[in-house]
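S.K.: Data: run.txt, compact mmCIF, C-alpha atoms.
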# COMPACT_ATOMS: atom_id res chain seq x y z
CA MET A 1 -18.93 35.90 12.17
CA ASP A 2 -20.65 32.56 12.62
CA LYS A 3 -20.94 30.48 9.52
CA PRO A 4 -24.48 30.25 8.15
CA LEU A 5 -26.70 27.54 9.57
CA ASN A 6 -26.66 24.42 7.44
CA LYS A 7 -29.82 22.41 7.92
CA PHE A 8 -28.33 19.38 6.21
CA GLU A 9 -25.43 19.09 8.61
CA GLY A 10 -27.08 16.51 10.85
CA ILE A 11 -27.91 13.90 8.19
CA PRO A 12 -26.50 10.49 9.23
CA ALA A 13 -23.59 9.25 7.12
CA SER A 14 -25.48 6.09 6.15
CA THR A 15 -28.32 8.23 4.76
CA VAL A 16 -25.86 10.46 2.85
CA GLU A 17 -24.42 7.32 1.22
CA ARG A 18 -27.85 6.46 -0.18
CA LEU A 19 -28.80 9.95 -1.40
CA PRO A 20 -27.01 9.64 -4.78
CA GLN A 21 -29.01 6.48 -5.44
CA TYR A 22 -32.34 8.14 -4.61
CA LEU A 23 -31.42 11.09 -6.78
CA ARG A 24 -30.61 8.85 -9.73
CA VAL A 25 -33.94 7.05 -9.41
CA LEU A 26 -35.88 10.32 -9.01
CA ARG A 27 -34.23 11.83 -12.07
CA ALA A 28 -35.10 8.75 -14.09
CA MET A 29 -38.71 9.20 -12.91
CA GLN A 30 -38.67 12.87 -13.89
CA ALA A 31 -37.32 11.97 -17.32
CA GLY A 32 -40.20 9.53 -17.65
CA GLY A 33 -42.80 12.15 -16.70
CA VAL A 34 -43.52 10.71 -13.23
CA THR A 35 -44.51 13.49 -10.78
CA THR A 36 -45.32 11.59 -7.57
CA THR A 37 -43.87 8.42 -6.11
CA SER A 38 -44.07 6.27 -2.98
CA SER A 39 -41.61 4.97 -0.43
CA SER A 40 -42.27 1.44 -1.69
CA ALA A 41 -41.47 2.39 -5.30
CA LEU A 42 -38.26 4.08 -4.16
CA ALA A 43 -37.48 1.11 -1.93
CA GLU A 44 -37.77 -1.37 -4.76
CA ALA A 45 -35.65 0.70 -7.15
CA CYS A 46 -32.94 1.15 -4.52
CA GLY A 47 -32.97 -2.33 -3.04
CA ILE A 48 -33.81 -1.30 0.55
CA THR A 49 -36.96 -1.38 2.74
CA SER A 50 -39.82 1.14 2.59
CA ALA A 51 -39.30 1.96 6.26
CA GLY A 52 -35.65 2.67 5.50
CA VAL A 53 -36.63 5.04 2.68
CA ARG A 54 -39.08 6.94 4.90
CA LYS A 55 -36.47 7.26 7.63
CA ASP A 56 -33.78 8.47 5.19
CA LEU A 57 -36.08 11.05 3.60
CA SER A 58 -37.37 12.32 6.94
CA HIS A 59 -33.91 13.86 7.46
CA LEU A 60 -34.53 16.16 4.49
CA GLY A 61 -37.79 17.68 5.69
CA SER A 62 -41.44 16.88 4.97
CA PHE A 63 -42.03 15.78 1.40
CA GLY A 64 -44.47 12.94 1.73
CA THR A 65 -48.25 13.41 1.89
CA ARG A 66 -50.06 10.46 3.40
CA GLY A 67 -52.06 8.67 0.70
CA VAL A 68 -50.50 10.76 -2.07
CA GLY A 69 -46.78 10.07 -1.80
CA TYR A 70 -43.69 12.10 -2.52
CA ASP A 71 -43.46 14.99 -4.98
CA VAL A 72 -40.69 13.77 -7.29
CA GLY A 73 -39.45 17.25 -8.27
CA ALA A 74 -39.40 18.66 -4.75
CA LEU A 75 -37.67 15.60 -3.37
CA ALA A 76 -35.06 15.61 -6.15
CA TRP A 77 -34.32 19.26 -5.42
CA ALA A 78 -34.04 18.66 -1.66
CA ILE A 79 -31.53 15.88 -2.28
CA THR A 80 -29.66 18.07 -4.77
CA CYS A 81 -29.31 20.71 -2.05
CA ALA A 82 -28.39 18.18 0.65
CA LEU A 83 -25.64 16.85 -1.59
CA GLY A 84 -24.39 20.38 -2.23
CA LEU A 85 -24.98 20.01 -5.97
CA GLU A 86 -26.60 23.42 -6.60
CA ALA A 87 -23.03 24.67 -6.60
CA VAL A 88 -20.71 23.38 -9.30
CA HIS A 89 -17.70 21.49 -7.97
CA ARG A 90 -14.49 21.92 -9.89
CA LEU A 91 -12.54 18.69 -10.17
CA ALA A 92 -8.91 17.97 -10.88
CA ILE A 93 -8.01 14.46 -12.03
CA ILE A 94 -4.46 13.53 -11.09
CA GLY A 95 -2.85 10.60 -12.86
CA ILE A 96 -3.89 10.21 -16.51
CA GLY A 97 -3.13 6.53 -17.12
CA ASN A 98 -5.81 4.14 -18.39
CA LEU A 99 -8.12 4.79 -15.48
CA GLY A 100 -7.49 8.55 -15.32
CA HIS A 101 -8.21 8.73 -19.04
CA ALA A 102 -11.47 6.88 -18.59
CA LEU A 103 -12.43 9.23 -15.77
CA ALA A 104 -11.44 12.29 -17.81
CA ASN A 105 -13.57 11.19 -20.75
CA TYR A 106 -16.63 10.33 -18.65
CA SER A 107 -19.39 12.59 -19.89
CA GLY A 108 -21.76 12.45 -16.94
CA TYR A 109 -20.08 15.00 -14.63
CA SER A 110 -21.87 18.15 -15.69
CA LYS A 111 -25.40 16.84 -15.27
CA ARG A 112 -24.40 15.67 -11.81
CA GLY A 113 -22.97 18.98 -10.60
CA PHE A 114 -19.29 18.55 -11.44
CA GLU A 115 -16.91 20.08 -13.92
CA VAL A 116 -13.49 18.69 -14.79
CA ALA A 117 -11.28 21.76 -14.46
CA ALA A 118 -7.79 20.29 -14.64
CA LEU A 119 -5.88 17.14 -15.60
CA LEU A 120 -2.43 16.51 -14.17
CA ASP A 121 0.14 13.82 -14.87
CA VAL A 122 3.90 13.26 -14.84
CA GLY A 123 4.40 11.07 -17.89
CA HIS A 124 4.67 11.46 -21.63
CA MET A 125 1.00 12.50 -21.87
CA VAL A 126 1.79 15.95 -20.45
CA GLY A 127 1.18 18.58 -23.10
CA THR A 128 -1.27 16.43 -25.07
CA ARG A 129 -5.06 16.72 -25.04
CA THR A 130 -7.77 14.18 -24.19
CA ASP A 131 -10.61 13.20 -26.55
CA SER A 132 -12.67 15.96 -24.96
CA GLY A 133 -9.97 18.51 -25.80
CA MET A 134 -8.58 19.12 -22.32
CA LEU A 135 -4.88 19.81 -21.89
CA ILE A 136 -2.91 17.48 -19.60
CA GLU A 137 -0.56 19.58 -17.45
CA HIS A 138 2.47 18.62 -15.38
CA ILE A 139 1.91 17.72 -11.77
CA SER A 140 4.76 20.02 -10.74
CA HIS A 141 2.40 22.92 -11.50
CA LEU A 142 -0.32 21.60 -9.19
CA GLU A 143 -0.54 24.68 -6.93
CA ARG A 144 -0.62 27.13 -9.83
CA VAL A 145 -3.20 25.11 -11.80
CA PHE A 146 -5.44 24.62 -8.75
CA ALA A 147 -5.44 28.36 -8.03
CA ARG A 148 -6.03 29.29 -11.68
CA GLU A 149 -8.92 26.83 -12.09
CA ALA A 150 -10.40 27.22 -8.58
CA VAL A 151 -10.20 23.46 -8.04
CA THR A 152 -12.19 22.27 -5.02
CA MET A 153 -12.13 18.49 -5.35
CA VAL A 154 -9.60 15.91 -6.51
CA ILE A 155 -9.76 12.46 -8.10
CA LEU A 156 -6.51 10.60 -7.49
CA ALA A 157 -5.84 7.92 -10.11
CA LEU A 158 -2.19 7.41 -9.23
CA PRO A 159 -0.24 4.30 -8.20
CA GLY A 160 -0.06 3.79 -4.44
CA PRO A 161 3.47 5.00 -3.67
CA GLU A 162 2.93 8.43 -5.26
CA ALA A 163 -0.55 9.07 -3.93
CA GLN A 164 0.28 10.17 -0.38
CA ALA A 165 2.66 12.99 -1.33
CA VAL A 166 0.37 14.29 -4.08
CA ALA A 167 -2.66 14.18 -1.76
CA GLU A 168 -0.73 16.23 0.80
CA ARG A 169 0.06 18.86 -1.85
CA ALA A 170 -3.59 18.99 -2.93
CA VAL A 171 -4.68 19.51 0.68
CA ALA A 172 -2.05 22.21 1.17
CA ALA A 173 -3.49 23.88 -1.95
CA GLY A 174 -6.92 24.06 -0.28
CA VAL A 175 -8.67 20.82 -1.29
CA HIS A 176 -10.77 19.11 1.42
CA GLU A 177 -12.42 16.32 -0.57
CA ILE A 178 -10.57 13.52 -2.36
CA LEU A 179 -11.80 10.49 -4.28
CA SER A 180 -8.90 8.04 -4.37
CA PHE A 181 -8.37 5.05 -6.64
CA ALA A 182 -4.89 4.50 -5.21
CA PRO A 183 -4.57 1.20 -3.32
CA VAL A 184 -3.26 2.81 -0.12
CA VAL A 185 -4.75 4.36 3.00
CA LEU A 186 -4.04 8.09 2.79
CA GLN A 187 -2.96 9.76 6.04
CA LEU A 188 -4.32 13.31 5.89
CA PRO A 189 -5.23 16.05 8.38
CA GLU A 190 -8.55 15.95 10.18
CA GLY A 191 -11.29 17.69 8.21
CA VAL A 192 -10.19 16.18 4.90
CA VAL A 193 -12.71 13.65 3.58
CA VAL A 194 -11.36 10.78 1.51
CA ARG A 195 -13.56 8.25 -0.31
CA SER A 196 -11.65 5.27 -1.66
CA VAL A 197 -12.44 2.97 -4.54
CA ASP A 198 -10.29 -0.16 -4.65
CA VAL A 199 -11.20 -2.29 -7.67
CA ALA A 200 -8.87 -5.19 -6.81
CA GLY A 201 -10.11 -5.13 -3.22
CA GLU A 202 -13.73 -5.36 -4.41
CA LEU A 203 -12.81 -8.40 -6.52
CA GLN A 204 -11.14 -10.01 -3.51
CA ILE A 205 -14.29 -9.55 -1.44
CA LEU A 206 -16.23 -11.28 -4.23
CA ALA A 207 -13.62 -14.05 -4.24
CA HIS A 208 -14.28 -14.63 -0.56
CA HIS A 209 -17.98 -15.07 -1.32
CA ALA A 210 -17.15 -17.47 -4.16
CA ALA A 211 -14.90 -19.55 -1.90
CA THR A 212 -17.48 -19.60 0.90
CA ARG A 213 -20.21 -20.68 -1.50
CA GLU A 214 -18.11 -23.45 -3.04
CA GLY A 215 -16.60 -24.52 0.25
CA THR A 216 -13.20 -24.65 -1.43
CA SER A 217 -11.12 -22.55 0.92
CA MET B 1 -22.69 -35.54 0.01
CA ASP B 2 -22.21 -32.61 2.33
CA LYS B 3 -20.04 -29.84 1.00
CA PRO B 4 -16.65 -29.65 2.71
CA LEU B 5 -16.46 -27.60 5.89
CA ASN B 6 -15.33 -24.06 5.21
CA LYS B 7 -13.73 -22.58 8.28
CA PHE B 8 -13.83 -19.08 6.84
CA GLU B 9 -17.59 -19.10 6.37
CA GLY B 10 -18.34 -17.34 9.66
CA ILE B 11 -16.14 -14.26 9.16
CA PRO B 12 -18.24 -11.08 9.65
CA ALA B 13 -18.84 -9.06 6.48
CA SER B 14 -17.16 -5.98 7.98
CA THR B 15 -13.99 -8.00 8.59
CA VAL B 16 -14.08 -9.43 5.06
CA GLU B 17 -14.22 -5.86 3.72
CA ARG B 18 -10.95 -5.05 5.49
CA LEU B 19 -9.06 -8.22 4.53
CA PRO B 20 -7.88 -6.92 1.12
CA GLN B 21 -6.38 -3.91 2.89
CA TYR B 22 -4.50 -6.07 5.43
CA LEU B 23 -3.26 -8.29 2.63
CA ARG B 24 -1.93 -5.30 0.68
CA VAL B 25 -0.06 -4.00 3.72
CA LEU B 26 1.33 -7.45 4.58
CA ARG B 27 2.55 -7.99 1.03
CA ALA B 28 4.28 -4.61 1.10
CA MET B 29 5.94 -5.70 4.36
CA GLN B 30 7.04 -9.01 2.79
CA ALA B 31 8.47 -7.15 -0.19
CA GLY B 32 10.42 -5.01 2.27
CA GLY B 33 11.81 -8.05 4.10
CA VAL B 34 9.67 -7.58 7.23
CA THR B 35 8.89 -10.96 8.86
CA THR B 36 6.93 -10.01 11.99
CA THR B 37 4.54 -7.16 12.68
CA SER B 38 2.20 -5.88 15.39
CA SER B 39 -1.47 -5.00 15.59
CA SER B 40 -0.50 -1.35 16.11
CA ALA B 41 1.65 -1.29 12.94
CA LEU B 42 -1.19 -2.87 10.95
CA ALA B 43 -3.66 -0.48 12.57
CA GLU B 44 -1.68 2.57 11.54
CA ALA B 45 -1.19 1.39 7.97
CA CYS B 46 -4.90 0.60 7.62
CA GLY B 47 -6.33 3.58 9.46
CA ILE B 48 -8.22 1.64 12.15
CA THR B 49 -7.63 0.84 15.85
CA SER B 50 -5.27 -1.85 17.19
CA ALA B 51 -8.18 -3.47 19.01
CA GLY B 52 -10.08 -3.59 15.71
CA VAL B 53 -7.12 -5.29 14.00
CA ARG B 54 -6.83 -7.91 16.75
CA LYS B 55 -10.54 -8.63 16.57
CA ASP B 56 -10.52 -8.92 12.76
CA LEU B 57 -7.52 -11.25 12.75
CA SER B 58 -8.90 -13.43 15.53
CA HIS B 59 -11.48 -14.68 13.01
CA LEU B 60 -8.67 -16.24 10.96
CA GLY B 61 -7.14 -18.33 13.73
CA SER B 62 -4.19 -17.77 16.09
CA PHE B 63 -1.33 -15.89 14.46
CA GLY B 64 -0.18 -13.50 17.14
CA THR B 65 2.35 -14.38 19.82
CA ARG B 66 2.22 -12.09 22.83
CA GLY B 67 5.34 -9.92 22.95
CA VAL B 68 6.47 -11.09 19.49
CA GLY B 69 3.63 -10.11 17.17
CA TYR B 70 2.25 -11.59 13.98
CA ASP B 71 4.16 -13.74 11.52
CA VAL B 72 3.78 -11.70 8.30
CA GLY B 73 4.00 -14.66 5.92
CA ALA B 74 1.59 -16.90 7.84
CA LEU B 75 -0.92 -14.12 8.24
CA ALA B 76 -0.74 -13.16 4.54
CA TRP B 77 -1.35 -16.79 3.60
CA ALA B 78 -4.32 -17.11 5.99
CA ILE B 79 -5.91 -14.00 4.46
CA THR B 80 -5.18 -15.30 0.96
CA CYS B 81 -7.09 -18.48 1.84
CA ALA B 82 -9.92 -16.62 3.56
CA LEU B 83 -10.34 -14.49 0.43
CA GLY B 84 -10.37 -17.60 -1.74
CA LEU B 85 -7.31 -16.39 -3.66
CA GLU B 86 -5.40 -19.71 -3.73
CA ALA B 87 -7.70 -20.52 -6.63
CA VAL B 88 -7.49 -18.35 -9.74
CA HIS B 89 -10.73 -16.55 -10.59
CA ARG B 90 -11.49 -16.15 -14.26
CA LEU B 91 -12.98 -12.77 -15.06
CA ALA B 92 -15.04 -11.50 -17.96
CA ILE B 93 -15.19 -7.75 -18.49
CA ILE B 94 -18.41 -6.71 -20.22
CA GLY B 95 -18.52 -3.27 -21.80
CA ILE B 96 -15.23 -2.13 -23.32
CA GLY B 97 -15.70 1.64 -23.37
CA ASN B 98 -13.22 3.97 -21.68
CA LEU B 99 -13.66 2.39 -18.28
CA GLY B 100 -13.80 -1.20 -19.55
CA HIS B 101 -10.62 -0.56 -21.48
CA ALA B 102 -8.92 0.79 -18.39
CA LEU B 103 -10.03 -2.27 -16.44
CA ALA B 104 -8.91 -4.63 -19.21
CA ASN B 105 -5.45 -3.07 -19.32
CA TYR B 106 -4.97 -3.07 -15.55
CA SER B 107 -1.92 -5.24 -14.91
CA GLY B 108 -2.45 -6.10 -11.26
CA TYR B 109 -4.99 -8.92 -11.59
CA SER B 110 -2.66 -11.90 -11.76
CA LYS B 111 -0.69 -11.10 -8.64
CA ARG B 112 -4.00 -10.73 -6.82
CA GLY B 113 -5.50 -14.05 -7.86
CA PHE B 114 -7.46 -13.04 -10.97
CA GLU B 115 -7.14 -13.65 -14.67
CA VAL B 116 -8.99 -11.74 -17.36
CA ALA B 117 -10.41 -14.55 -19.49
CA ALA B 118 -12.84 -12.71 -21.76
CA LEU B 119 -13.77 -9.23 -23.01
CA LEU B 120 -17.25 -8.60 -24.40
CA ASP B 121 -18.78 -5.55 -26.06
CA VAL B 122 -21.42 -4.63 -28.62
CA GLY B 123 -19.79 -1.70 -30.41
CA HIS B 124 -17.23 -1.15 -33.14
CA MET B 125 -14.43 -2.48 -30.90
CA VAL B 126 -15.64 -6.06 -31.37
CA GLY B 127 -13.03 -8.05 -33.30
CA THR B 128 -10.16 -5.75 -32.27
CA ARG B 129 -7.55 -6.45 -29.59
CA THR B 130 -6.58 -4.50 -26.47
CA ASP B 131 -3.05 -3.28 -25.69
CA SER B 132 -2.50 -6.54 -23.85
CA GLY B 133 -3.46 -8.51 -26.97
CA MET B 134 -6.87 -9.78 -25.87
CA LEU B 135 -9.64 -10.16 -28.43
CA ILE B 136 -12.88 -8.26 -27.83
CA GLU B 137 -15.82 -10.56 -28.64
CA HIS B 138 -19.49 -9.80 -29.24
CA ILE B 139 -21.80 -9.89 -26.27
CA SER B 140 -24.26 -12.04 -28.24
CA HIS B 141 -21.79 -14.92 -27.74
CA LEU B 142 -21.73 -14.50 -23.94
CA GLU B 143 -22.89 -18.04 -23.11
CA ARG B 144 -20.49 -19.71 -25.51
CA VAL B 145 -17.51 -17.56 -24.42
CA PHE B 146 -18.23 -18.07 -20.70
CA ALA B 147 -18.34 -21.87 -21.16
CA ARG B 148 -15.21 -21.92 -23.31
CA GLU B 149 -13.20 -19.75 -20.88
CA ALA B 150 -14.68 -21.15 -17.65
CA VAL B 151 -15.60 -17.63 -16.52
CA THR B 152 -16.55 -17.44 -12.84
CA MET B 153 -16.76 -13.71 -12.18
CA VAL B 154 -17.93 -10.66 -14.12
CA ILE B 155 -17.03 -6.98 -14.18
CA LEU B 156 -19.90 -4.96 -15.68
CA ALA B 157 -18.76 -1.68 -17.20
CA LEU B 158 -21.95 -1.00 -19.15
CA PRO B 159 -24.34 1.95 -19.12
CA GLY B 160 -27.23 1.55 -16.69
CA PRO B 161 -30.06 0.56 -19.04
CA GLU B 162 -28.19 -2.40 -20.53
CA ALA B 163 -26.70 -3.71 -17.30
CA GLN B 164 -29.72 -5.57 -15.88
CA ALA B 165 -30.36 -7.80 -18.90
CA VAL B 166 -26.68 -8.62 -19.34
CA ALA B 167 -26.28 -9.41 -15.63
CA GLU B 168 -29.23 -11.81 -15.87
CA ARG B 169 -27.59 -13.60 -18.79
CA ALA B 170 -24.30 -13.86 -16.89
CA VAL B 171 -26.09 -15.36 -13.90
CA ALA B 172 -27.96 -17.81 -16.14
CA ALA B 173 -24.55 -18.80 -17.52
CA GLY B 174 -23.41 -19.76 -14.01
CA VAL B 175 -21.81 -16.57 -12.61
CA HIS B 176 -22.51 -15.83 -8.93
CA GLU B 177 -20.23 -12.81 -8.33
CA ILE B 178 -20.51 -9.48 -10.15
CA LEU B 179 -18.61 -6.23 -9.76
CA SER B 180 -20.78 -3.54 -11.31
CA PHE B 181 -19.83 -0.03 -12.44
CA ALA B 182 -23.30 0.52 -13.89
CA PRO B 183 -25.23 3.27 -12.08
CA VAL B 184 -28.26 1.09 -11.35
CA VAL B 185 -29.34 -1.33 -8.63
CA LEU B 186 -29.27 -4.80 -10.18
CA GLN B 187 -32.17 -7.08 -9.26
CA LEU B 188 -30.77 -10.62 -9.25
CA PRO B 189 -31.65 -13.96 -7.66
CA GLU B 190 -30.67 -14.66 -4.07
CA GLY B 191 -27.20 -16.14 -3.78
CA VAL B 192 -25.73 -13.78 -6.38
CA VAL B 193 -23.33 -11.30 -4.78
CA VAL B 194 -23.06 -7.88 -6.41
CA ARG B 195 -20.51 -5.25 -5.38
CA SER B 196 -21.17 -1.82 -6.89
CA VAL B 197 -18.78 1.02 -7.63
CA ASP B 198 -20.51 4.30 -8.46
CA VAL B 199 -17.94 6.99 -9.24
CA ALA B 200 -20.47 9.83 -9.64
CA GLY B 201 -22.20 8.74 -6.43
CA GLU B 202 -18.88 8.88 -4.56
CA LEU B 203 -18.33 12.42 -5.84
CA GLN B 204 -21.81 13.42 -4.69
CA ILE B 205 -21.10 12.14 -1.19
CA LEU B 206 -17.95 14.28 -1.18
CA ALA B 207 -20.02 17.24 -2.39
CA HIS B 208 -22.27 16.82 0.64
CA HIS B 209 -19.23 17.03 2.90
CA ALA B 210 -18.02 20.14 1.04
CA ALA B 211 -21.41 21.82 1.39
CA THR B 212 -21.64 20.93 5.08
CA ARG B 213 -18.14 22.24 5.75
CA GLU B 214 -18.75 25.51 3.93
CA GLY B 215 -22.28 25.93 5.23
CA THR B 216 -23.39 26.82 1.72
CA SER B 217 -26.31 24.48 1.26
In structure tokens, how does this file's structure come out?
M.R.:
Amino acid sequence: MDKPLNKFEGIPASTVERLPQYLRVLRAMQAGGVTTTSSSALAEACGITSAGVRKDLSHLGSFGTRGVGYDVGALAWAITCALGLEAVHRLAIIGIGNLGHALANYSGYSKRGFEVAALLDVGHMVGTRTDSGMLIEHISHLERVFAREAVTMVILALPGPEAQAVAERAVAAGVHEILSFAPVVLQLPEGVVVRSVDVAGELQILAHHAATREGTS
Amino acid sequence: MDKPLNKFEGIPASTVERLPQYLRVLRAMQAGGVTTTSSSALAEACGITSAGVRKDLSHLGSFGTRGVGYDVGALAWAITCALGLEAVHRLAIIGIGNLGHALANYSGYSKRGFEVAALLDVGHMVGTRTDSGMLIEHISHLERVFAREAVTMVILALPGPEAQAVAERAVAAGVHEILSFAPVVLQLPEGVVVRSVDVAGELQILAHHAATREGTS
């Protein structure tokens, strides 16, 4: 059987990267009772051009009415669907050090379509609970825990050397999407999507700008 | 007087974004006793093409010798200079919640050219010390603390609504580079460089890929 047609499949990657930002702004508008908006209002809030906004949103269908603007609720829902957030994504956080702890205690997942379903670690924290009451389990039980909790997405907050092997196990257990804070490039099979956040790397990019500005390098 | 010539000023932004990754790989090679490397070895470790590596590194000067490869030490030093890491950058972390705490306790700053010089918060943590012994000071003293500690760079780990006003104060106090974890687009004067990390946004981009793969949206 063919898989069902997905009308959001053709959205350019650069547009997808901006959708979370639009959604955040639209939800803030909704919370403030705003029902219609314009490409220029969205542009200013997101720091891009009006033409860019119109082009991005054209990939989602027709939501703008000339002279009236965009329906905030309809647009927010279209983006929610495009981002696949009508389904709840079940997350496992692997590596419960300082950063993993911070990520585990973050309270904004549920209103954004995510649920933390499992916490895994190797250290002395195994068997204890986080502030939010979740049990930290041993990484050696990864496959069993993932199956039990129907985990579909992973946040890796492990040191570099351990990340590759653990990512491979997560993929073997059926995970296709990984957000990695490990300072390494993960080598994984095609079809697995990895987004990387490298805090030290971001600081180094800022340092380059500082040096260029000061003319000191 | 003209400011001194900065030979790294013309490096394309896309190359700058990859420099931290090259540097990490080169330092791992140095630690392992490797003295020369090739564009294909760097390409594999960084997940890009050999041609891309050669092009990136050509912006730094001539380091490759045909048939021999790149001198690991010389190349690491050139990248260190291009990233402005021969100077030490003095960081202030603003917002010492879960994430700010994790960032404050991260131990990798010094070997990457950064020093945490100040921690600021508004809550009940003010006046206490982190695991690493640093005092958390009140955000109302921002200007005084920044001057005393010669802060040059800021990590914002504040909730969205507070981030804009605090960022403006940091800029007024002389900061030009900000790494923001706040889920908002900061509106700051030209010349200020902001890098943003949005964990929930990254997850939403992964959710789009999951939905597209499954054909469920």
S.K.: Find the residues with any atom within 12 Å of (-6.2, 17.1, -18.1); use all atoms listed in the file and the coordinates as given in the file, and write the answer as a PyMOL selection string.
M.R.: chain A and resi 91-97+100-105+115-122+125-139+142+145+149+155
S.K.: If we count all atoms listed in the file, which residues of chain B reach to within 8 Å of chain A? Please list them as a PyMOL selection string.
M.R.: chain B and resi 3-9+16-17+20-21+45-47+81-86+89+98-99+101-103+105-106+108-109+112+176-179+185+187+193-195+197+200-212+214-217
S.K.: Next, dump the selected residues to file, keeping only C-alpha atoms, as a short mmCIF file (atom, residue, chain, number, x, y, z; two decimals), in the coordinates of the input.
M.R.:
data_model
loop_
_atom_site.label_atom_id
_atom_site.label_comp_id
_atom_site.auth_asym_id
_atom_site.auth_seq_id
_atom_site.Cartn_x
_atom_site.Cartn_y
_atom_site.Cartn_z
CA LYS B 3 -20.04 -29.84 1.00
CA PRO B 4 -16.65 -29.65 2.71
CA LEU B 5 -16.46 -27.60 5.89
CA ASN B 6 -15.33 -24.06 5.21
CA LYS B 7 -13.73 -22.58 8.28
CA PHE B 8 -13.83 -19.08 6.84
CA GLU B 9 -17.59 -19.10 6.37
CA VAL B 16 -14.08 -9.43 5.06
CA GLU B 17 -14.22 -5.86 3.72
CA PRO B 20 -7.88 -6.92 1.12
CA GLN B 21 -6.38 -3.91 2.89
CA ALA B 45 -1.19 1.39 7.97
CA CYS B 46 -4.90 0.60 7.62
CA GLY B 47 -6.33 3.58 9.46
CA CYS B 81 -7.09 -18.48 1.84
CA ALA B 82 -9.92 -16.62 3.56
CA LEU B 83 -10.34 -14.49 0.43
CA GLY B 84 -10.37 -17.60 -1.74
CA LEU B 85 -7.31 -16.39 -3.66
CA GLU B 86 -5.40 -19.71 -3.73
CA HIS B 89 -10.73 -16.55 -10.59
CA ASN B 98 -13.22 3.97 -21.68
CA LEU B 99 -13.66 2.39 -18.28
CA HIS B 101 -10.62 -0.56 -21.48
CA ALA B 102 -8.92 0.79 -18.39
CA LEU B 103 -10.03 -2.27 -16.44
CA ASN B 105 -5.45 -3.07 -19.32
CA TYR B 106 -4.97 -3.07 -15.55
CA GLY B 108 -2.45 -6.10 -11.26
CA TYR B 109 -4.99 -8.92 -11.59
CA ARG B 112 -4.00 -10.73 -6.82
CA HIS B 176 -22.51 -15.83 -8.93
CA GLU B 177 -20.23 -12.81 -8.33
CA ILE B 178 -20.51 -9.48 -10.15
CA LEU B 179 -18.61 -6.23 -9.76
CA VAL B 185 -29.34 -1.33 -8.63
CA GLN B 187 -32.17 -7.08 -9.26
CA VAL B 193 -23.33 -11.30 -4.78
CA VAL B 194 -23.06 -7.88 -6.41
CA ARG B 195 -20.51 -5.25 -5.38
CA VAL B 197 -18.78 1.02 -7.63
CA ALA B 200 -20.47 9.83 -9.64
CA GLY B 201 -22.20 8.74 -6.43
CA GLU B 202 -18.88 8.88 -4.56
CA LEU B 203 -18.33 12.42 -5.84
CA GLN B 204 -21.81 13.42 -4.69
CA ILE B 205 -21.10 12.14 -1.19
CA LEU B 206 -17.95 14.28 -1.18
CA ALA B 207 -20.02 17.24 -2.39
CA HIS B 208 -22.27 16.82 0.64
CA HIS B 209 -19.23 17.03 2.90
CA ALA B 210 -18.02 20.14 1.04
CA ALA B 211 -21.41 21.82 1.39
CA THR B 212 -21.64 20.93 5.08
CA GLU B 214 -18.75 25.51 3.93
CA GLY B 215 -22.28 25.93 5.23
CA THR B 216 -23.39 26.82 1.72
CA SER B 217 -26.31 24.48 1.26
#
S.K.: At a cut-off of 7 Å, using only C-alpha atoms, what residues contact region 55-62 of chain A? Leave out same-chain residues fewer than 2 positions from it and give the result as a ChimeraX atom specification.
M.R.: /A:11,15,51-53,64,78
S.K.: Interatomic distance between CA of Leu156 (chain A) and CA of Leu156 (chain B)?
M.R.: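 Computing it gives 22.1 Å between the two atoms.
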S.K.: Show which residues sit within 7 Å of Val72 (chain B), as a ChimeraX atom specification. Count all atoms listed in the file, and ignore same-chain residues fewer than 4 positions away.
M.R.: /B:26,30,35-37,76
S.K.: Using CA of Ser39 (chain B) and CA of Arg54 (chain B) as the two end points, give the distance in Å to one decimal.
M.R.: 6.2 Å
S.K.: Quick one, how far is CA of Tyr70 (chain A) from CA of Ser38 (chain A)?
M.R.: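 Taking CA of Tyr70 (chain A) and CA of Ser38 (chain A), their separation equals 5.9 Å.
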S.K.: Check the smallest atom-to-atom distance from each of B:Ala182, B:Leu188, B:Leu75, B:Val68 to Arg169 (chain B) using only C-alpha atoms, then report the winner.
M.R.: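 Nearest to Arg169 (chain B): B:Leu188.
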S.K.: Rank nothing, just name the residue among B:Gln164, B:Arg90, B:Leu158, B:Ala170 nearest to His141 (chain B), using only C-alpha atoms.
M.R.: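 Once distances to His141 (chain B) are computed over only C-alpha atoms, the minimum belongs to B:Ala170.
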